[in-house]
file final-v8.cif (mmCIF, C-alpha atoms)
data_structure
loop_
_atom_site.label_atom_id
_atom_site.label_comp_id
_atom_site.auth_asym_id
_atom_site.auth_seq_id
_atom_site.Cartn_x
_atom_site.Cartn_y
_atom_site.Cartn_z
CA MET B 1 -39.43 128.43 -48.01
CA LEU B 2 -42.79 128.27 -49.91
CA GLY B 3 -45.75 126.94 -47.97
CA ALA B 4 -43.94 126.83 -44.59
CA SER B 5 -45.91 128.31 -41.69
CA PRO B 6 -44.20 130.53 -39.09
CA VAL B 7 -45.07 127.96 -36.42
CA ALA B 8 -43.37 125.14 -38.34
CA ALA B 9 -40.14 127.14 -38.51
CA MET B 10 -39.99 127.55 -34.71
CA PRO B 11 -38.16 125.29 -32.25
CA PRO B 12 -40.49 122.51 -31.01
CA GLU B 13 -41.11 124.06 -27.59
CA GLU B 14 -41.92 127.50 -29.05
CA ALA B 15 -44.13 126.01 -31.74
CA ALA B 16 -46.09 124.06 -29.12
CA GLU B 17 -46.69 127.20 -27.06
CA ALA B 18 -47.63 129.25 -30.13
CA ASP B 19 -50.34 126.73 -30.96
CA GLY B 20 -51.52 126.67 -27.34
CA TRP B 21 -50.05 123.22 -26.68
CA THR B 22 -48.06 122.05 -23.69
CA TYR B 23 -44.37 121.27 -23.92
CA PHE B 24 -42.68 118.63 -21.76
CA ASP B 25 -39.11 117.39 -21.92
CA VAL B 26 -36.89 115.09 -19.85
CA GLY B 27 -33.15 115.15 -20.45
CA TRP B 28 -29.70 114.76 -18.98
CA ASP B 29 -27.23 117.54 -18.18
CA SER B 30 -24.86 116.19 -15.52
CA GLY B 31 -28.06 114.93 -13.90
CA LEU B 32 -31.69 114.24 -14.73
CA THR B 33 -33.50 117.39 -15.92
CA TYR B 34 -37.16 118.11 -16.61
CA GLU B 35 -39.14 120.99 -18.10
CA TYR B 36 -42.84 121.71 -18.60
CA ARG B 37 -44.25 124.80 -20.32
CA GLN B 38 -47.70 125.90 -21.38
CA ARG B 39 -49.60 129.01 -22.39
CA LEU B 40 -52.38 129.56 -19.84
CA PRO B 41 -55.03 132.28 -19.57
CA ASP B 42 -53.91 135.47 -17.87
CA LEU B 43 -56.48 135.44 -15.08
CA THR B 44 -56.15 139.17 -14.36
CA SER B 45 -56.85 140.13 -17.98
CA LEU B 46 -59.61 137.54 -18.20
CA LEU B 47 -61.42 139.02 -15.19
CA GLU B 48 -61.11 142.54 -16.58
CA ALA B 49 -62.47 141.40 -19.95
CA GLY B 50 -65.38 139.71 -18.17
CA LYS B 51 -66.29 142.91 -16.34
CA GLU B 52 -66.20 144.99 -19.55
CA SER B 53 -68.49 142.54 -21.39
CA GLY B 54 -71.02 142.24 -18.59
CA GLY B 55 -69.59 139.01 -17.22
CA GLU B 56 -68.91 137.19 -20.51
CA ALA B 57 -65.17 137.06 -21.27
CA GLN B 58 -64.07 137.35 -24.87
CA GLN B 59 -62.33 134.00 -25.33
CA ALA B 60 -61.05 134.76 -28.81
CA ALA B 61 -59.14 137.83 -27.66
CA GLU B 62 -57.97 136.24 -24.42
CA PRO B 63 -54.40 137.21 -23.49
CA ARG B 64 -52.14 134.33 -22.48
CA ARG B 65 -49.31 134.06 -20.00
CA ARG B 66 -46.55 131.47 -19.95
CA PHE B 67 -46.48 128.90 -17.14
CA HIS B 68 -43.22 127.03 -16.72
CA LEU B 69 -41.75 124.42 -14.41
CA LYS B 70 -38.16 123.28 -14.80
CA GLY B 71 -35.53 121.68 -12.63
CA ARG B 72 -33.20 118.80 -12.04
CA VAL B 73 -33.05 115.69 -9.87
CA GLY B 74 -29.89 114.82 -7.97
CA GLY B 75 -28.59 113.05 -4.94
CA SER B 76 -25.59 111.87 -2.98
CA LEU B 77 -24.35 108.78 -1.19
CA TYR B 78 -21.53 108.78 1.39
CA LEU B 79 -20.10 105.47 2.58
CA ASP B 80 -17.89 105.49 5.72
CA GLY B 81 -15.63 102.87 7.20
CA GLY B 82 -12.95 103.04 9.86
CA LEU B 83 -11.06 101.67 12.85
CA LEU B 84 -11.66 103.15 16.33
CA ARG B 85 -9.23 102.80 19.23
CA GLY B 86 -8.83 104.48 22.60
CA SER B 87 -10.09 104.64 26.17
CA ALA B 88 -12.84 107.16 25.28
CA LEU B 89 -14.37 104.94 22.57
CA ASP B 90 -15.86 101.53 21.95
CA ASN B 91 -13.00 99.93 20.02
CA GLY B 92 -13.42 98.12 16.74
CA LEU B 93 -14.15 98.35 13.04
CA ARG B 94 -17.15 100.44 12.05
CA GLY B 95 -19.04 101.03 8.84
CA ALA B 96 -22.06 103.16 8.01
CA ILE B 97 -24.02 104.92 5.31
CA ARG B 98 -23.11 108.41 6.43
CA ARG B 99 -25.59 110.11 4.17
CA ALA B 100 -28.02 109.22 1.39
CA ARG B 101 -29.83 112.18 -0.15
CA LEU B 102 -32.29 112.68 -2.97
CA TYR B 103 -33.43 116.12 -4.09
CA THR B 104 -35.10 118.10 -6.82
CA SER B 105 -34.52 121.81 -7.39
CA GLY B 106 -35.55 124.33 -9.99
CA GLU B 107 -38.12 127.06 -10.56
CA ILE B 108 -41.79 127.50 -11.23
CA GLY B 109 -43.28 130.63 -12.81
CA TYR B 110 -46.58 132.18 -13.77
CA TRP B 111 -47.06 135.73 -12.46
CA PHE B 112 -43.60 135.61 -10.90
CA THR B 113 -40.78 133.11 -10.54
CA THR B 114 -40.42 130.93 -7.45
CA GLU B 115 -37.30 128.84 -6.92
CA TYR B 116 -37.59 125.61 -4.95
CA LYS B 117 -35.59 122.77 -3.50
CA PHE B 118 -36.97 119.64 -1.83
CA GLU B 119 -34.36 117.32 -0.32
CA PHE B 120 -34.81 114.13 1.69
CA ALA B 121 -31.97 112.46 3.58
CA LEU B 122 -31.48 109.03 5.11
CA GLU B 123 -29.22 109.06 8.18
CA GLN B 124 -29.10 106.53 11.01
CA ARG B 125 -32.04 104.66 9.44
CA ARG B 126 -34.23 107.76 9.74
CA ILE B 127 -35.67 110.04 7.07
CA PHE B 128 -34.88 113.74 7.44
CA LEU B 129 -35.90 116.90 5.63
CA ASN B 130 -32.85 118.97 4.79
CA ASP B 131 -33.14 121.84 2.33
CA PHE B 132 -36.90 122.02 1.78
CA TYR B 133 -37.81 125.56 0.76
CA LEU B 134 -39.25 128.14 -1.61
CA ARG B 135 -37.18 131.19 -2.58
CA TRP B 136 -38.00 134.49 -4.24
CA ARG B 137 -35.79 137.28 -5.61
CA PRO B 138 -37.50 140.63 -4.99
CA GLU B 139 -36.54 143.64 -7.08
CA ARG B 140 -35.99 145.91 -4.07
CA TRP B 141 -34.53 145.95 -0.57
CA VAL B 142 -33.26 142.36 -0.43
CA ASP B 143 -31.79 139.91 -2.94
CA THR B 144 -33.58 136.79 -1.72
CA VAL B 145 -36.40 135.76 0.59
CA LYS B 146 -36.54 132.09 1.60
CA LEU B 147 -39.29 130.19 3.41
CA GLY B 148 -39.09 126.58 4.50
CA TYR B 149 -36.60 124.27 6.18
CA PHE B 150 -32.88 125.07 5.87
CA ASP B 151 -29.72 126.11 7.74
CA PRO B 152 -29.97 129.50 9.52
CA PRO B 153 -27.08 131.83 8.61
CA MET B 154 -24.38 130.95 11.12
CA SER B 155 -20.87 129.54 10.54
CA LEU B 156 -18.77 129.50 7.37
CA GLN B 157 -18.28 125.75 7.62
CA ALA B 158 -21.85 124.78 8.54
CA LEU B 159 -23.38 126.69 5.62
CA GLY B 160 -21.09 125.18 3.00
CA SER B 161 -21.87 121.95 1.20
CA SER B 162 -20.57 118.78 2.83
CA SER B 163 -19.05 117.84 -0.54
CA ALA B 164 -16.89 121.00 -0.41
CA ARG B 165 -15.07 120.09 2.82
CA GLY B 166 -11.48 118.96 2.79
CA LEU B 167 -12.19 116.75 5.81
CA MET B 168 -15.10 114.36 6.30
CA GLU B 169 -16.95 116.18 9.08
CA SER B 170 -17.29 119.73 10.32
CA ALA B 171 -15.20 120.83 13.30
CA ALA B 172 -16.41 119.81 16.78
CA PRO B 173 -17.43 123.36 17.87
CA VAL B 174 -19.36 123.87 14.62
CA ALA B 175 -21.26 120.64 15.25
CA ALA B 176 -21.98 121.75 18.83
CA PHE B 177 -23.11 125.36 18.31
CA ALA B 178 -24.30 125.89 14.70
CA PRO B 179 -28.13 125.75 14.61
CA GLY B 180 -28.56 123.01 11.99
CA PHE B 181 -31.67 122.63 9.81
CA ARG B 182 -34.72 124.50 11.11
CA ALA B 183 -38.03 125.81 9.84
CA GLY B 184 -37.74 129.52 9.19
CA LEU B 185 -38.04 132.69 7.15
CA GLN B 186 -34.87 134.31 5.87
CA ALA B 187 -33.90 137.50 4.04
CA ALA B 188 -30.43 137.81 2.53
CA GLY B 189 -28.45 140.06 0.25
CA ILE B 190 -25.08 140.90 -1.26
CA VAL B 191 -23.41 144.30 -1.76
CA ALA B 192 -20.72 144.90 -4.38
CA ASP B 193 -18.90 147.89 -2.84
CA PRO B 194 -17.94 147.31 -0.10
CA SER B 195 -18.10 143.59 -0.77
CA LEU B 196 -20.61 142.32 1.81
CA THR B 197 -22.96 139.39 2.27
CA TRP B 198 -25.67 139.46 4.94
CA GLY B 199 -28.51 137.28 6.17
CA LEU B 200 -31.28 137.57 8.78
CA ASP B 201 -33.34 134.59 9.88
CA PHE B 202 -36.32 133.91 12.13
CA ALA B 203 -36.32 130.17 12.88
CA SER B 204 -38.51 127.76 14.75
CA LEU B 205 -38.16 124.11 15.71
CA GLY B 206 -36.14 121.61 13.74
CA GLN B 207 -35.88 117.84 13.63
CA GLU B 208 -33.52 116.04 15.97
CA GLN B 209 -30.35 115.69 13.93
CA SER B 210 -27.05 113.87 14.11
CA VAL B 211 -24.93 117.02 13.60
CA GLY B 212 -25.67 120.54 14.81
CA ASN B 213 -27.06 122.30 17.84
CA ALA B 214 -29.37 119.83 19.61
CA SER B 215 -31.47 122.47 21.39
CA SER B 216 -35.25 122.18 21.17
CA ASP B 217 -35.95 125.92 21.38
CA PRO B 218 -39.20 126.95 19.67
CA LEU B 219 -37.94 130.38 18.51
CA ARG B 220 -34.54 131.59 17.39
CA PHE B 221 -33.24 134.78 15.76
CA VAL B 222 -30.02 134.51 13.73
CA GLY B 223 -28.02 137.11 11.80
CA ARG B 224 -24.75 136.97 9.83
CA LEU B 225 -22.57 139.60 8.14
CA VAL B 226 -19.50 138.86 6.01
CA TRP B 227 -17.04 141.43 4.63
CA ARG B 228 -14.43 140.83 1.90
CA PRO B 229 -11.88 143.65 2.46
CA TRP B 230 -9.97 142.87 -0.76
CA GLY B 231 -13.07 143.21 -2.90
CA PRO B 232 -15.39 140.76 -4.66
CA PRO B 233 -13.95 137.25 -5.07
CA ARG B 234 -12.04 136.45 -8.25
CA GLU B 235 -10.50 133.11 -9.10
CA ASP B 236 -7.18 134.70 -10.09
CA ALA B 237 -6.84 136.93 -7.01
CA PRO B 238 -6.33 136.40 -3.26
CA LEU B 239 -9.47 136.38 -1.12
CA LEU B 240 -9.94 137.57 2.45
CA HIS B 241 -13.20 136.72 4.23
CA VAL B 242 -14.09 138.22 7.64
CA GLY B 243 -17.46 137.73 9.28
CA GLY B 244 -19.56 137.36 12.37
CA SER B 245 -22.93 135.99 13.40
CA ALA B 246 -25.20 136.02 16.41
CA SER B 247 -28.16 134.00 17.63
CA TYR B 248 -30.67 134.24 20.45
CA ALA B 249 -32.86 131.26 21.36
CA PHE B 250 -36.06 131.32 23.41
CA SER B 251 -36.30 127.82 24.80
CA GLY B 252 -39.82 128.17 26.26
CA LYS B 253 -40.83 124.64 27.23
CA GLY B 254 -37.88 123.32 25.23
CA SER B 255 -34.25 123.08 26.25
CA ILE B 256 -30.71 124.08 25.32
CA ARG B 257 -28.29 121.30 24.47
CA TYR B 258 -24.81 121.24 22.93
CA ARG B 259 -22.95 118.05 22.02
CA SER B 260 -20.28 116.81 19.64
CA ARG B 261 -18.61 113.70 18.30
CA PRO B 262 -14.81 113.49 17.74
CA GLU B 263 -15.27 114.68 14.11
CA THR B 264 -16.38 111.30 12.81
CA PHE B 265 -19.84 109.89 12.29
CA LEU B 266 -18.62 106.43 13.35
CA ALA B 267 -18.18 107.40 17.02
CA ARG B 268 -20.73 108.35 19.67
CA TYR B 269 -20.98 111.81 21.25
CA LEU B 270 -18.06 112.35 23.61
CA VAL B 271 -19.04 115.76 25.03
CA ASP B 272 -22.65 116.64 25.87
CA THR B 273 -24.32 119.21 28.15
CA ASP B 274 -27.59 117.25 28.21
CA ASP B 275 -30.78 119.34 28.37
CA ILE B 276 -30.62 122.74 30.09
CA GLU B 277 -33.81 124.70 30.73
CA GLY B 278 -33.25 128.35 29.86
CA HIS B 279 -32.40 130.84 27.12
CA ALA B 280 -29.18 130.99 25.12
CA SER B 281 -27.21 133.54 23.15
CA ILE B 282 -24.45 132.58 20.71
CA VAL B 283 -21.94 134.87 19.04
CA ALA B 284 -19.46 133.63 16.46
CA ALA B 285 -16.56 135.07 14.48
CA GLU B 286 -15.13 133.65 11.27
CA ALA B 287 -12.16 134.43 9.03
CA ALA B 288 -10.68 132.83 5.92
CA TRP B 289 -7.91 133.48 3.41
CA ARG B 290 -7.32 131.89 0.02
CA ASP B 291 -4.49 132.48 -2.41
CA GLY B 292 -4.21 130.03 -5.27
CA PRO B 293 -4.06 126.45 -3.94
CA ALA B 294 -3.45 127.51 -0.31
CA SER B 295 -6.15 128.42 2.20
CA LEU B 296 -6.62 129.11 5.91
CA GLN B 297 -9.82 129.44 7.92
CA GLY B 298 -10.97 129.52 11.51
CA GLU B 299 -14.02 130.18 13.66
CA LEU B 300 -14.72 131.05 17.29
CA PHE B 301 -18.02 130.37 19.13
CA TYR B 302 -19.21 131.59 22.52
CA SER B 303 -22.55 130.80 24.17
CA LEU B 304 -24.11 132.32 27.27
CA VAL B 305 -26.94 130.21 28.71
CA ASN B 306 -29.25 131.65 31.38
CA ASP B 307 -30.75 128.58 32.98
CA SER B 308 -34.01 128.28 34.91
CA GLY B 309 -32.11 128.48 38.20
CA SER B 310 -30.90 132.01 37.39
CA HIS B 311 -27.37 130.79 36.74
CA GLN B 312 -25.25 131.89 33.82
CA ARG B 313 -23.39 129.12 32.02
CA HIS B 314 -20.55 129.83 29.62
CA PHE B 315 -19.55 127.47 26.78
CA TRP B 316 -17.19 128.03 23.89
CA GLY B 317 -15.18 126.44 21.10
CA ALA B 318 -12.85 127.27 18.23
CA TYR B 319 -10.96 125.68 15.36
CA ALA B 320 -8.16 126.55 12.94
CA GLN B 321 -7.76 124.83 9.57
CA ALA B 322 -5.20 124.89 6.76
CA GLY B 323 -5.54 123.43 3.28
CA TRP B 324 -3.43 123.02 0.17
CA VAL B 325 -4.58 121.73 -3.21
CA VAL B 326 -1.60 119.69 -4.35
CA THR B 327 -2.68 119.66 -7.99
CA GLY B 328 -2.83 123.47 -8.16
CA GLU B 329 -6.56 124.28 -8.25
CA SER B 330 -8.17 126.84 -5.95
CA ARG B 331 -11.12 126.34 -3.65
CA GLY B 332 -14.20 127.87 -5.21
CA TYR B 333 -16.14 130.61 -3.42
CA ASP B 334 -19.81 131.60 -3.61
CA ALA B 335 -20.24 135.28 -2.71
CA ALA B 336 -24.04 135.04 -2.43
CA GLY B 337 -23.76 132.50 0.40
CA ALA B 338 -20.28 133.64 1.54
CA VAL B 339 -19.07 130.02 1.60
CA PHE B 340 -16.39 127.95 -0.06
CA THR B 341 -17.44 125.55 -2.78
CA ARG B 342 -16.04 122.28 -4.01
CA VAL B 343 -12.65 122.09 -5.71
CA GLN B 344 -13.19 121.42 -9.42
CA PRO B 345 -10.43 119.36 -11.10
CA ARG B 346 -8.80 120.97 -14.10
CA VAL B 347 -8.60 117.51 -15.63
CA ASP B 348 -10.91 114.68 -14.56
CA PHE B 349 -9.51 111.32 -13.57
CA ALA B 350 -8.46 109.62 -16.81
CA PRO B 351 -4.94 108.21 -16.42
CA TRP B 352 -4.87 107.00 -20.03
CA ARG B 353 -5.00 110.72 -20.96
CA GLY B 354 -2.79 111.94 -18.12
CA GLY B 355 -5.64 113.16 -15.92
CA TRP B 356 -5.68 112.38 -12.21
CA GLY B 357 -8.35 114.71 -10.83
CA SER B 358 -7.51 117.02 -7.91
CA VAL B 359 -5.92 116.22 -4.55
CA GLU B 360 -6.35 118.42 -1.47
CA LEU B 361 -4.57 118.08 1.89
CA THR B 362 -6.26 119.53 4.98
CA ALA B 363 -5.29 119.73 8.65
CA ARG B 364 -7.38 121.07 11.52
CA ALA B 365 -7.17 121.53 15.28
CA SER B 366 -10.27 122.26 17.36
CA TRP B 367 -11.36 122.76 20.95
CA VAL B 368 -14.83 122.67 22.51
CA ASP B 369 -15.61 123.41 26.17
CA LEU B 370 -19.05 122.34 27.40
CA SER B 371 -18.38 122.40 31.15
CA ASP B 372 -19.30 125.18 33.56
CA GLY B 373 -20.34 124.82 37.20
CA ALA B 374 -22.90 122.07 37.65
CA ILE B 375 -22.95 121.41 33.88
CA GLU B 376 -20.25 118.84 33.21
CA GLY B 377 -20.56 118.48 29.46
CA GLY B 378 -16.84 117.86 29.03
CA ARG B 379 -13.94 119.41 27.16
CA MET B 380 -12.48 117.98 23.97
CA PHE B 381 -9.40 118.70 21.88
CA THR B 382 -9.39 117.25 18.37
CA ALA B 383 -6.70 117.05 15.69
CA ASN B 384 -7.80 115.95 12.22
CA VAL B 385 -5.73 115.49 9.05
CA GLY B 386 -6.31 113.84 5.70
CA PRO B 387 -6.36 114.00 1.90
CA ALA B 388 -9.39 114.43 -0.35
CA TRP B 389 -9.15 113.13 -3.91
CA THR B 390 -11.76 114.50 -6.31
CA LEU B 391 -11.82 112.26 -9.37
CA ASN B 392 -14.51 114.23 -11.20
CA ARG B 393 -17.75 116.04 -10.39
CA TRP B 394 -19.39 112.78 -9.31
CA VAL B 395 -16.82 110.88 -7.21
CA ARG B 396 -14.54 111.77 -4.27
CA VAL B 397 -12.40 109.62 -1.99
CA LEU B 398 -11.41 110.92 1.45
CA ALA B 399 -9.12 109.45 4.08
CA GLY B 400 -8.23 110.76 7.48
CA TYR B 401 -6.82 110.31 10.94
CA VAL B 402 -8.48 111.88 13.99
CA PHE B 403 -7.01 112.18 17.48
CA ALA B 404 -9.28 113.36 20.29
CA ARG B 405 -8.66 113.94 23.99
CA VAL B 406 -11.67 114.22 26.34
CA ARG B 407 -11.67 115.65 29.88
CA ASP B 408 -14.25 116.20 32.62
CA ARG B 409 -16.50 113.36 31.49
CA PRO B 410 -17.04 109.80 32.75
CA ASN B 411 -15.59 108.58 29.44
CA GLU B 412 -12.56 110.87 29.57
CA GLY B 413 -9.48 109.67 27.78
CA SER B 414 -8.11 109.53 24.26
CA ALA B 415 -9.47 108.41 20.91
CA HIS B 416 -7.77 107.41 17.67
CA ILE B 417 -9.77 107.02 14.47
CA ALA B 418 -8.54 106.02 11.00
CA GLN B 419 -11.29 106.46 8.44
CA LEU B 420 -12.10 106.20 4.73
CA ARG B 421 -15.06 107.64 2.81
CA LEU B 422 -16.43 107.19 -0.71
CA GLU B 423 -18.63 110.05 -1.92
CA PHE B 424 -20.92 109.79 -4.92
CA VAL B 425 -22.69 112.99 -5.95
CA LEU B 426 -25.16 113.48 -8.78
#

call {"tool": "encode", "arguments": {"input": "final-v8.cif", "output": "structure tokens"}}
result
Amino acid sequence: MLGASPVAAMPPEEAAEADGWTYFDVGWDSGLTYEYRQRLPDLTSLLEAGKESGGEAQQAAEPRRRFHLKGRVGGSLYLDGGLLRGSALDNGLRGAIRRARLYTSGEIGYWFTTEYKFEFALEQRRIFLNDFYLRWRPERWVDTVKLGYFDPPMSLQALGSSSARGLMESAAPVAAFAPGFRAGLQAAGIVADPSLTWGLDFASLGQEQSVGNASSDPLRFVGRLVWRPWGPPREDAPLLHVGGSASYAFSGKGSIRYRSRPETFLARYLVDTDDIEGHASIVAAEAAWRDGPASLQGELFYSLVNDSGSHQRHFWGAYAQAGWVVTGESRGYDAAGAVFTRVQPRVDFAPWRGGWGSVELTARASWVDLSDGAIEGGRMFTANVGPAWTLNRWVRVLAGYVFARVRDRPNEGSAHIAQLRLEFVL
């Protein structure tokens, strides 16, 4: 085309950078997206040019390097309501905003690329930091290095997204023993043959939280290794997941504490060790199987606490869970994190076109024992069953019935909970 400059023929963002301009764009791709790019001076080359010219850089010949910032904004809102009955509970109708989250995630690059996620959560009228980290992908030794505030690598269920669960809450022993969000430094990787995922974490204090290990230990080491004996995960093939993790906590002037609700946010804690001065070790085993729409998974936790009185206290818990996607889809699986992901409907809810989304049925039994010697934290058996209806990528509806039986506590007795949740995810 006569008279057309090379810059004019470029896409807008490339043309802007070629002319030394900045490029900024806000859009929508299943969520709010943003992008900023600009050509900036390469400071290393500029310093070298300045030295060669006696301190005066050659601006005209200045090399340029691309700076970019891009990401998306998202969030979630979970609304819970239910009826509580039983001698271990305060009876009545309950309702709550289970979770309200707002986050932004993406990457920023100049000399190298840094991934980021900053997430804020509102729970129990308090603001929490959840995933709040920077992440890098080195070329050697490890796949990722992460620094910030996040879940240490322990427990298949705790590390997965809450929107990927077939039931509303994690199992009682997971809530009691898994570390929960903590400040830390983590290295992780994945191996293709044999199919392995590993993670090592050095963690410090975390915020007091409604779910997760309630210990106030200042230092904690955590490691996790997962093996997939049948090879890397494929959607059209059966999956077997076998793993283990371990943690050691130095309580210092802090304390060790394990507690759990009866697998609903609407009830209070029914088992609780209260604060124990001492150090704690936790070992955990996990296994899962998935074949088409059917899946099984389970985990076992054991903790040895050496208290300040030179006594050893033993606590443990376990759960077994079965799931079946009635509409035929399979649970997704992320090999990098070695966790299950959310069921994606083959056809979104649109009854006028014959689409009804996906429906998953899940049942779970769990046991947690927080009593040993002078520590009377209680013992609790929980049975939990319910459907999860995923209408599309933004909306889920969950219902469930929970039965719990508590022993060795002042509030011992039974609990019955019927609950409903609406989940909105962006």

call {"tool": "atom_distance", "arguments": {"input": "final-v8.cif", "atom1": "CA of Gln186 (chain B)", "atom2": "CA of Ala280 (chain B)"}}
result
20.3 Å

call {"tool": "resolve_selection", "arguments": {"input": "final-v8.cif", "expression": "the PyMOL selection byres ((chain B and resi 76) around 6)", "output": "ChimeraX atom specification"}}
result
/B:75,77,100-101,424-425

call {"tool": "residues_around", "arguments": {"input": "final-v8.cif", "residues": "region 290-300 of chain B", "least_positions_apart": "5", "cutoff": "7 Å", "atoms": "only C-alpha atoms", "output": "ChimeraX atom specification"}}
result
/B:237-240,284-285,317-325,328-330

call {"tool": "atom_distance", "arguments": {"input": "final-v8.cif", "atom1": "CA of Thr33 (chain B)", "atom2": "CA of Asp348 (chain B)"}}
result
22.8 Å

call {"tool": "residues_around", "arguments": {"input": "final-v8.cif", "residues": "Leu205 (chain B)", "least_positions_apart": "3", "cutoff": "12 Å", "atoms": "all atoms listed in the file", "output": "PyMOL selection string"}}
result
chain B and resi 148-152+179-184+202+208-209+213-221+249-255

call {"tool": "closest_residue", "arguments": {"input": "final-v8.cif", "among": "B:Gly354, B:Gly278, B:Pro194, B:Gly74", "to": "Asp29 (chain B)", "atoms": "only C-alpha atoms"}}
result
B:Gly74

call {"tool": "closest_residue", "arguments": {"input": "final-v8.cif", "among": "B:Thr327, B:Ser204, B:Ser308, B:Ser371", "to": "Val359 (chain B)", "atoms": "only C-alpha atoms"}}
result
B:Thr327

call {"tool": "residues_around", "arguments": {"input": "final-v8.cif", "residues": "Trp227 (chain B)", "least_positions_apart": "5", "cutoff": "6 Å", "atoms": "all atoms listed in the file", "output": "list in words"}}
result
Ser195, Leu196, Val242 and Gly243 of chain B

call {"tool": "axis_aligned_box", "arguments": {"input": "final-v8.cif", "around": "region 294-298 of chain B", "padding_each_side": "6 Å", "output": "JSON"}}
result
{"center_x": -7.2, "center_y": 128.5, "center_z": 5.6, "size_x": 19.5, "size_y": 14.0, "size_z": 23.8}

call {"tool": "resolve_selection", "arguments": {"input": "final-v8.cif", "expression": "the PyMOL selection byres ((chain B and resi 155) around 9)", "output": "ChimeraX atom specification"}}
result
/B:153-154,156-160,174,178,224,243-245,284-286,299

call {"tool": "residues_around", "arguments": {"input": "final-v8.cif", "residues": "region 163-173 of chain B", "least_positions_apart": "3", "cutoff": "6 Å", "atoms": "all atoms listed in the file", "output": "compact mmCIF listing (two decimals) with C-alpha atoms, in the coordinates of the input"}}
result
# COMPACT_ATOMS: atom_id res chain seq x y z
CA ALA B 176 -21.98 121.75 18.83
CA SER B 260 -20.28 116.81 19.64
CA GLU B 263 -15.27 114.68 14.11
CA GLY B 317 -15.18 126.44 21.10
CA THR B 341 -17.44 125.55 -2.78
CA ARG B 342 -16.04 122.28 -4.01
CA THR B 362 -6.26 119.53 4.98
CA VAL B 368 -14.83 122.67 22.51
CA ALA B 388 -9.39 114.43 -0.35

call {"tool": "closest_residue", "arguments": {"input": "final-v8.cif", "among": "B:Leu79, B:Ile190, B:Leu304, B:Leu89", "to": "Arg268 (chain B)", "atoms": "all atoms listed in the file"}}
result
B:Leu89
